[in-house]
file coords_13.cif (mmCIF, C-alpha atoms)
data_entry
loop_
_atom_site.label_atom_id
_atom_site.label_comp_id
_atom_site.auth_asym_id
_atom_site.auth_seq_id
_atom_site.Cartn_x
_atom_site.Cartn_y
_atom_site.Cartn_z
CA MET A 1 105.41 91.86 70.73
CA ALA A 2 106.29 92.77 74.25
CA THR A 3 109.97 93.48 74.67
CA GLY A 4 109.93 94.23 78.37
CA ASN A 5 112.16 97.22 77.61
CA THR A 6 109.83 99.71 79.31
CA ILE A 7 109.64 97.79 82.58
CA ARG A 8 112.10 97.36 85.42
CA ILE A 9 111.22 95.00 88.26
CA LYS A 10 112.91 94.13 91.53
CA ALA A 11 111.31 91.11 93.17
CA LYS A 12 112.80 90.21 96.52
CA ALA A 13 111.83 87.32 98.79
CA LYS A 14 111.13 88.37 102.37
CA SER A 15 110.20 85.97 105.19
CA ASP A 16 106.83 84.90 103.79
CA THR A 17 106.17 87.42 101.04
CA VAL A 18 107.70 88.71 97.82
CA GLU A 19 108.29 92.44 97.69
CA VAL A 20 107.92 93.82 94.17
CA LYS A 21 109.16 97.26 93.16
CA SER A 22 108.75 98.43 89.61
CA LEU A 23 109.43 101.42 87.38
CA ILE A 24 107.80 101.74 83.97
CA SER A 25 108.89 104.16 81.23
CA HIS A 26 105.75 105.86 80.00
CA PRO A 27 104.81 109.50 79.26
CA MET A 28 101.48 109.31 81.18
CA GLU A 29 100.23 112.27 79.15
CA THR A 30 96.97 113.59 80.65
CA GLY A 31 95.35 115.05 77.55
CA LEU A 32 94.83 118.26 79.53
CA ARG A 33 98.22 119.86 78.80
CA LYS A 34 98.80 122.32 76.00
CA ASP A 35 101.85 122.32 73.78
CA SER A 36 103.41 125.70 74.59
CA SER A 37 104.54 126.32 70.98
CA THR A 38 101.31 125.41 69.15
CA ASN A 39 98.84 126.06 72.01
CA GLU A 40 97.13 122.79 71.10
CA LEU A 41 96.23 120.04 73.56
CA ILE A 42 98.69 117.16 73.72
CA PRO A 43 96.66 113.95 73.22
CA ALA A 44 96.17 111.72 76.25
CA HIS A 45 98.56 108.77 76.43
CA PHE A 46 98.52 106.86 79.67
CA ILE A 47 98.60 103.35 81.11
CA GLN A 48 95.10 102.12 81.94
CA GLU A 49 95.77 98.66 83.23
CA LEU A 50 98.62 96.92 85.00
CA THR A 51 98.50 93.26 85.98
CA ALA A 52 100.84 91.40 88.29
CA GLU A 53 101.27 87.65 88.13
CA LEU A 54 103.03 85.21 90.43
CA ASN A 55 103.98 81.97 88.63
CA GLY A 56 101.41 82.67 85.92
CA LYS A 57 98.51 83.46 88.25
CA ILE A 58 97.13 87.00 88.39
CA VAL A 59 97.46 88.42 91.91
CA MET A 60 96.56 92.06 91.18
CA THR A 61 94.94 94.14 88.48
CA ALA A 62 95.39 97.89 88.74
CA TYR A 63 93.30 100.38 86.77
CA TRP A 64 95.04 103.71 86.40
CA GLY A 65 93.90 107.18 85.40
CA ILE A 66 95.79 110.21 84.16
CA ALA A 67 96.89 111.18 87.69
CA ILE A 68 99.57 108.50 87.94
CA SER A 69 102.94 110.24 87.55
CA LYS A 70 105.05 110.04 84.40
CA ASN A 71 107.30 106.96 84.42
CA PRO A 72 105.09 105.20 86.98
CA TYR A 73 106.44 103.63 90.13
CA VAL A 74 104.55 100.93 91.96
CA SER A 75 105.43 98.63 94.80
CA PHE A 76 103.46 95.92 96.57
CA GLU A 77 103.86 92.59 98.40
CA ILE A 78 102.67 89.17 97.29
CA LYS A 79 101.93 86.53 99.92
CA GLY A 80 103.41 83.07 99.73
CA GLY A 81 106.03 83.69 97.06
CA LYS A 82 109.63 82.53 97.40
CA LYS A 83 113.05 82.72 95.80
CA GLY A 84 113.07 81.36 92.23
CA ASP A 85 109.37 82.14 91.62
CA THR A 86 108.39 84.20 88.59
CA VAL A 87 106.81 87.64 88.84
CA ARG A 88 105.35 89.16 85.68
CA LEU A 89 104.03 92.67 85.12
CA THR A 90 102.02 93.64 82.04
CA TRP A 91 100.70 97.09 81.15
CA THR A 92 98.27 98.30 78.50
CA ASP A 93 97.67 101.96 77.67
CA ASN A 94 94.82 103.95 76.13
CA LYS A 95 96.33 103.61 72.64
CA GLY A 96 96.33 99.82 72.92
CA GLU A 97 100.11 99.66 73.33
CA SER A 98 101.42 97.23 75.90
CA ASP A 99 104.51 95.64 77.35
CA SER A 100 105.25 92.74 79.66
CA LEU A 101 108.25 91.53 81.63
CA ALA A 102 108.86 88.51 83.84
CA VAL A 103 111.66 88.24 86.40
CA LYS A 104 112.80 85.64 88.90
CA VAL A 105 112.38 86.40 92.58
CA HIS A 106 115.77 86.70 94.26
CA MET B 1 86.67 87.65 89.21
CA PRO B 2 85.31 88.99 85.88
CA ASN B 3 88.70 90.34 84.88
CA GLN B 4 90.32 86.99 85.29
CA ASP B 5 87.68 85.46 83.06
CA ARG B 6 88.49 88.05 80.46
CA ARG B 7 92.22 87.26 80.68
CA THR B 8 91.57 83.59 80.34
CA PHE B 9 89.37 84.30 77.35
CA LEU B 10 92.07 86.46 75.78
CA LYS B 11 94.76 83.86 76.36
CA GLN B 12 92.63 81.06 74.92
CA THR B 13 91.68 83.15 71.94
CA LEU B 14 95.31 84.04 71.33
CA THR B 15 96.37 80.41 71.60
CA THR B 16 93.85 79.23 69.07
CA GLY B 17 94.86 82.03 66.75
CA THR B 18 91.39 83.39 66.20
CA MET B 19 92.45 86.74 67.65
CA GLY B 20 94.73 87.25 64.65
CA VAL B 21 91.83 86.55 62.37
CA ALA B 22 89.62 88.93 64.33
CA TRP B 23 92.22 91.69 64.00
CA ALA B 24 92.62 91.03 60.30
CA GLY B 25 88.88 91.12 59.87
CA GLY B 26 88.89 94.53 61.51
CA PHE B 27 85.87 93.90 63.72
CA LEU B 28 87.84 94.12 66.96
CA VAL B 29 88.93 97.62 67.90
CA PRO B 30 91.52 98.30 70.63
CA ASP B 31 88.69 99.60 72.85
CA ALA B 32 87.24 96.12 72.95
CA LEU B 33 90.46 94.87 74.52
CA LEU B 34 90.29 97.58 77.17
CA ALA B 35 86.65 96.99 77.99
CA ALA B 36 87.51 96.30 81.63
CA TRP B 37 88.98 99.77 82.24
CA PRO B 38 86.07 101.62 83.88
CA LYS B 39 85.96 104.73 81.72
CA GLU B 40 82.90 106.30 83.36
CA VAL B 41 84.63 106.07 86.76
CA PHE B 42 87.91 107.59 85.62
CA SER B 43 86.17 110.41 83.74
CA ALA B 44 83.97 111.44 86.69
CA LYS B 45 84.85 114.96 87.83
CA ASP B 46 84.23 114.82 91.59
CA VAL B 47 84.76 112.29 94.35
CA PRO B 48 81.04 111.59 95.14
CA THR B 49 80.38 110.78 91.46
CA VAL B 50 83.40 108.47 91.33
CA LEU B 51 82.26 106.70 94.49
CA LYS B 52 78.75 106.29 93.12
CA ASN B 53 79.99 104.96 89.78
CA LEU B 54 82.61 102.70 91.33
CA TYR B 55 80.76 101.30 94.33
CA GLY B 56 77.13 102.29 93.83
CA THR B 57 77.19 104.40 96.99
CA GLU B 58 78.71 107.65 98.22
CA VAL B 59 78.67 106.51 101.82
CA VAL B 60 82.10 105.45 103.06
CA ALA B 61 83.04 105.12 106.74
CA ASP B 62 86.25 106.73 108.00
CA SER B 63 88.67 104.19 109.38
CA ALA B 64 91.71 104.59 111.59
CA ALA B 65 92.89 101.20 110.31
CA ILE B 66 94.06 102.77 107.03
CA GLN B 67 97.41 104.54 106.94
CA ILE B 68 98.32 106.97 104.19
CA LYS B 69 102.02 107.71 104.01
CA ALA B 70 102.73 110.83 101.98
CA PRO B 71 104.73 114.03 102.39
CA GLU B 72 102.92 116.90 104.17
CA ILE B 73 104.43 119.27 101.64
CA ALA B 74 104.98 118.17 98.05
CA GLU B 75 107.24 120.62 96.29
CA ASN B 76 106.52 119.04 92.93
CA GLY B 77 102.87 118.16 92.38
CA ALA B 78 103.84 116.06 89.35
CA VAL B 79 105.42 113.43 91.59
CA VAL B 80 103.77 112.90 94.97
CA PRO B 81 104.73 109.58 96.58
CA ILE B 82 101.76 107.86 98.22
CA SER B 83 101.70 104.63 100.26
CA ILE B 84 98.47 103.06 101.45
CA GLU B 85 98.50 100.34 104.08
CA THR B 86 95.79 98.83 106.19
CA SER B 87 95.35 96.33 109.00
CA LEU B 88 91.84 95.50 107.71
CA ASP B 89 91.26 91.87 106.68
CA ASN B 90 90.05 90.50 103.35
CA VAL B 91 90.99 93.58 101.33
CA THR B 92 89.92 93.27 97.70
CA GLN B 93 90.31 96.84 96.47
CA ILE B 94 92.37 99.95 97.23
CA ALA B 95 91.49 103.16 95.38
CA ILE B 96 93.48 106.40 95.52
CA PHE B 97 91.86 109.79 94.89
CA ALA B 98 93.35 113.25 94.56
CA ALA B 99 90.22 115.17 95.50
CA VAL B 100 91.28 118.48 93.91
CA ASN B 101 92.30 117.05 90.52
CA PRO B 102 90.01 117.67 87.51
CA LEU B 103 89.58 113.87 87.37
CA PRO B 104 89.98 112.73 90.99
CA LEU B 105 90.39 108.96 90.68
CA ALA B 106 94.11 108.21 90.30
CA ALA B 107 94.17 104.44 90.70
CA ASP B 108 92.00 101.46 91.52
CA PHE B 109 93.99 98.41 92.63
CA ARG B 110 92.08 95.10 92.63
CA LEU B 111 93.77 92.66 94.97
CA THR B 112 93.38 88.91 95.15
CA ASP B 113 93.87 87.11 98.47
CA SER B 114 97.52 86.55 97.43
CA MET B 115 98.26 90.22 98.09
CA LEU B 116 99.15 92.13 101.24
CA PRO B 117 96.96 95.25 101.55
CA SER B 118 99.88 97.60 100.98
CA ILE B 119 100.45 99.65 97.81
CA SER B 120 102.90 102.43 96.98
CA THR B 121 102.86 104.61 93.90
CA ARG B 122 103.38 108.20 92.76
CA ILE B 123 100.60 110.52 91.68
CA LYS B 124 100.08 113.99 90.20
CA MET B 125 98.24 116.67 92.20
CA ASN B 126 97.32 119.94 90.55
CA LYS B 127 97.10 121.87 93.83
CA THR B 128 96.99 121.61 97.61
CA GLY B 129 94.28 119.24 98.78
CA GLU B 130 93.33 115.89 100.17
CA VAL B 131 94.47 112.48 99.09
CA VAL B 132 91.75 109.96 99.86
CA ALA B 133 92.21 106.22 100.12
CA VAL B 134 89.15 104.00 99.89
CA VAL B 135 89.61 100.38 100.92
CA LYS B 136 87.10 97.62 100.30
CA ALA B 137 87.50 94.95 102.94
CA GLY B 138 85.12 92.04 103.45
CA GLY B 139 82.70 93.80 101.10
CA THR B 140 82.59 96.99 103.22
CA LEU B 141 84.04 100.37 102.25
CA TYR B 142 86.40 102.30 104.51
CA SER B 143 88.33 105.48 103.87
CA ALA B 144 91.07 107.73 105.19
CA SER B 145 92.40 111.03 103.94
CA LYS B 146 95.45 113.20 104.27
CA GLN B 147 95.97 116.84 103.43
CA ILE B 148 98.99 117.52 101.19
CA LYS B 149 100.32 120.97 100.49
CA VAL B 150 101.45 121.25 96.87
CA THR B 151 103.93 124.01 96.07
CA ILE B 152 103.96 123.61 92.26
CA GLY B 153 100.95 121.92 90.64
CA GLY B 154 101.59 118.85 88.55
CA CYS B 155 98.72 118.69 86.08
CA GLY B 156 99.11 121.78 83.91
CA GLY B 157 101.75 122.51 81.30
#
call {"tool": "encode", "arguments": {"input": "coords_13.cif", "output": "structure tokens"}}
result
Amino acid sequence: MATGNTIRIKAKAKSDTVEVKSLISHPMETGLRKDSSTNELIPAHFIQELTAELNGKIVMTAYWGIAISKNPYVSFEIKGGKKGDTVRLTWTDNKGESDSLAVKVH
Amino acid sequence: MPNQDRRTFLKQTLTTGTMGVAWAGGFLVPDALLAAWPKEVFSAKDVPTVLKNLYGTEVVADSAAIQIKAPEIAENGAVVPISIETSLDNVTQIAIFAAVNPLPLAADFRLTDSMLPSISTRIKMNKTGEVVAVVKAGGTLYSASKQIKVTIGGCGG
């Protein structure tokens, strides 16, 4: 089950939007790198999908490729949110692993 | 939105518990859960092919209404901060390309009307080249690009 341990979210109410900033712990391995000791390719391991929800409703779905940096950072603004609302982020990677975290807007 | 339908389907299936049965039965592979991730788009090796696969056309109009904020010189190609913002209305999609990467499409953000058309993230660039933003607004495609000098490439070992 999702622990939320890989996700950090700051969700801050601005005048008429909610600003969301998030950092996710993930190797984002491209599958194109070689292990320098064995000279073998390191298997790809990267987040493919990230969804953002405001109060249970999906506001954004992001599809990612291997070019998103290790430990991804993403920030965006949701219209119409306010203090006390719930923002949830959920990611799924190419191995079928996933995590999800919800925070209150402050 | 097809993706939303899929989510709803997943949630309903999970609630009724049939998903557990499906997993136990072994006829649902993880790939089936990721069906929405557009593999053919992310594995395309040049920008025109990505555009064709993603939008069905290679023709995208340049627009001054899209701003790309990024450093002119990125010392570390593994972490290049990129912000895309636009004054265009009814934006439903923002895609970010690193044109010189072996697989150029970095990200494809699908926005509902609850989102401001403003996204920041960090990408890898394997060498000096253009970052391209393609914005779909009111069903029309617009793009902007910015040259970024990369001192140390961020895709190799």
call {"tool": "resolve_selection", "arguments": {"input": "coords_13.cif", "expression": "the PyMOL selection byres ((chain B) within 7 of (chain A))", "output": "PDB file with C-alpha atoms, in the coordinates of the input"}}
result
ATOM      1  CA  PRO B  30      91.520  98.300  70.630  1.00  0.00           C
ATOM      2  CA  TRP B  37      88.980  99.770  82.240  1.00  0.00           C
ATOM      3  CA  PHE B  42      87.910 107.590  85.620  1.00  0.00           C
ATOM      4  CA  ALA B  78     103.840 116.060  89.350  1.00  0.00           C
ATOM      5  CA  VAL B  79     105.420 113.430  91.590  1.00  0.00           C
ATOM      6  CA  LEU B 105      90.390 108.960  90.680  1.00  0.00           C
ATOM      7  CA  ALA B 106      94.110 108.210  90.300  1.00  0.00           C
ATOM      8  CA  ALA B 107      94.170 104.440  90.700  1.00  0.00           C
ATOM      9  CA  ASP B 108      92.000 101.460  91.520  1.00  0.00           C
ATOM     10  CA  PHE B 109      93.990  98.410  92.630  1.00  0.00           C
ATOM     11  CA  ARG B 110      92.080  95.100  92.630  1.00  0.00           C
ATOM     12  CA  LEU B 111      93.770  92.660  94.970  1.00  0.00           C
ATOM     13  CA  THR B 112      93.380  88.910  95.150  1.00  0.00           C
ATOM     14  CA  SER B 114      97.520  86.550  97.430  1.00  0.00           C
ATOM     15  CA  MET B 115      98.260  90.220  98.090  1.00  0.00           C
ATOM     16  CA  LEU B 116      99.150  92.130 101.240  1.00  0.00           C
ATOM     17  CA  SER B 118      99.880  97.600 100.980  1.00  0.00           C
ATOM     18  CA  ILE B 119     100.450  99.650  97.810  1.00  0.00           C
ATOM     19  CA  SER B 120     102.900 102.430  96.980  1.00  0.00           C
ATOM     20  CA  THR B 121     102.860 104.610  93.900  1.00  0.00           C
ATOM     21  CA  ARG B 122     103.380 108.200  92.760  1.00  0.00           C
ATOM     22  CA  ILE B 123     100.600 110.520  91.680  1.00  0.00           C
ATOM     23  CA  LYS B 124     100.080 113.990  90.200  1.00  0.00           C
ATOM     24  CA  GLY B 156      99.110 121.780  83.910  1.00  0.00           C
ATOM     25  CA  GLY B 157     101.750 122.510  81.300  1.00  0.00           C
TER      26      GLY B 157
END
call {"tool": "atom_distance", "arguments": {"input": "coords_13.cif", "atom1": "CA of Gly77 in chain B", "atom2": "CA of Ile96 in chain B"}}
result
15.4 Å
call {"tool": "atom_distance", "arguments": {"input": "coords_13.cif", "atom1": "CA of Leu88 in chain B", "atom2": "CA of Pro48 in chain B"}}
result
23.1 Å
call {"tool": "residues_near_point", "arguments": {"input": "coords_13.cif", "point": "(90.1, 111.9, 103.1)", "cutoff": "7 Å", "atoms": "all atoms listed in the file", "output": "VMD selection string"}}
result
chain B and resid 130 to 133 143 to 146
call {"tool": "write_last_selection", "arguments": {"input": "coords_13.cif", "atoms": "C-alpha atoms", "output": "JSON list (two decimals), in the coordinates of the input"}}
result
[["chain", "number", "residue", "atom", "x", "y", "z"],
["B", 130, "GLU", "CA", 93.33, 115.89, 100.17],
["B", 131, "VAL", "CA", 94.47, 112.48, 99.09],
["B", 132, "VAL", "CA", 91.75, 109.96, 99.86],
["B", 133, "ALA", "CA", 92.21, 106.22, 100.12],
["B", 143, "SER", "CA", 88.33, 105.48, 103.87],
["B", 144, "ALA", "CA", 91.07, 107.73, 105.19],
["B", 145, "SER", "CA", 92.40, 111.03, 103.94],
["B", 146, "LYS", "CA", 95.45, 113.20, 104.27]]
call {"tool": "atom_distance", "arguments": {"input": "coords_13.cif", "atom1": "CA of Val60 in chain B", "atom2": "CA of Val134 in chain B"}}
result
7.9 Å
call {"tool": "resolve_selection", "arguments": {"input": "coords_13.cif", "expression": "the PyMOL selection byres ((chain B and resi 67-71) around 7)", "output": "JSON, numbers by chain"}}
result
{"B": [65, 66, 72, 73, 74, 81, 82, 83, 84, 85, 86, 146, 148]}
call {"tool": "residues_around", "arguments": {"input": "coords_13.cif", "residues": "Ala2 in chain A", "least_positions_apart": "2", "cutoff": "12 Å", "atoms": "all atoms listed in the file", "output": "list in words"}}
result
Gly4, Asn5, Thr6, Ile7, Leu89, Thr90, Trp91, Thr92, Glu97, Ser98, Asp99, Ser100, Leu101 and Ala102 of chain A
call {"tool": "write_last_selection", "arguments": {"input": "coords_13.cif", "atoms": "C-alpha atoms", "output": "PDB file, keeping the file's coordinate frame"}}
result
ATOM      1  CA  GLY A   4     109.930  94.230  78.370  1.00  0.00           C
ATOM      2  CA  ASN A   5     112.160  97.220  77.610  1.00  0.00           C
ATOM      3  CA  THR A   6     109.830  99.710  79.310  1.00  0.00           C
ATOM      4  CA  ILE A   7     109.640  97.790  82.580  1.00  0.00           C
ATOM      5  CA  LEU A  89     104.030  92.670  85.120  1.00  0.00           C
ATOM      6  CA  THR A  90     102.020  93.640  82.040  1.00  0.00           C
ATOM      7  CA  TRP A  91     100.700  97.090  81.150  1.00  0.00           C
ATOM      8  CA  THR A  92      98.270  98.300  78.500  1.00  0.00           C
ATOM      9  CA  GLU A  97     100.110  99.660  73.330  1.00  0.00           C
ATOM     10  CA  SER A  98     101.420  97.230  75.900  1.00  0.00           C
ATOM     11  CA  ASP A  99     104.510  95.640  77.350  1.00  0.00           C
ATOM     12  CA  SER A 100     105.250  92.740  79.660  1.00  0.00           C
ATOM     13  CA  LEU A 101     108.250  91.530  81.630  1.00  0.00           C
ATOM     14  CA  ALA A 102     108.860  88.510  83.840  1.00  0.00           C
TER      15      ALA A 102
END
call {"tool": "residues_around", "arguments": {"input": "coords_13.cif", "residues": "Leu141 in chain B", "least_positions_apart": "6", "cutoff": "10 Å", "atoms": "all atoms listed in the file", "output": "PyMOL selection string"}}
result
chain B and resi 55+57-63+91+93-94+134-135
call {"tool": "write_last_selection", "arguments": {"input": "coords_13.cif", "atoms": "C-alpha atoms", "output": "tab-separated table (two decimals), keeping the file's coordinate frame"}}
result
chain	number	residue	atom	x	y	z
B	55	TYR	CA	80.76	101.30	94.33
B	57	THR	CA	77.19	104.40	96.99
B	58	GLU	CA	78.71	107.65	98.22
B	59	VAL	CA	78.67	106.51	101.82
B	60	VAL	CA	82.10	105.45	103.06
B	61	ALA	CA	83.04	105.12	106.74
B	62	ASP	CA	86.25	106.73	108.00
B	63	SER	CA	88.67	104.19	109.38
B	91	VAL	CA	90.99	93.58	101.33
B	93	GLN	CA	90.31	96.84	96.47
B	94	ILE	CA	92.37	99.95	97.23
B	134	VAL	CA	89.15	104.00	99.89
B	135	VAL	CA	89.61	100.38	100.92
call {"tool": "closest_residue", "arguments": {"input": "coords_13.cif", "among": "B:Ala99, B:Lys149, B:Val47, B:Asp89", "to": "Ala137 in chain B", "atoms": "only C-alpha atoms"}}
result
B:Asp89
call {"tool": "resolve_selection", "arguments": {"input": "coords_13.cif", "expression": "the PyMOL selection byres ((chain A and resi 105) around 6)", "output": "PyMOL selection string"}}
result
chain A and resi 11-12+83-85+104+106
call {"tool": "closest_residue", "arguments": {"input": "coords_13.cif", "among": "B:Met125, B:Val80, B:Gln147, B:Ala95", "to": "Val41 in chain B", "atoms": "only C-alpha atoms"}}
result
B:Ala95
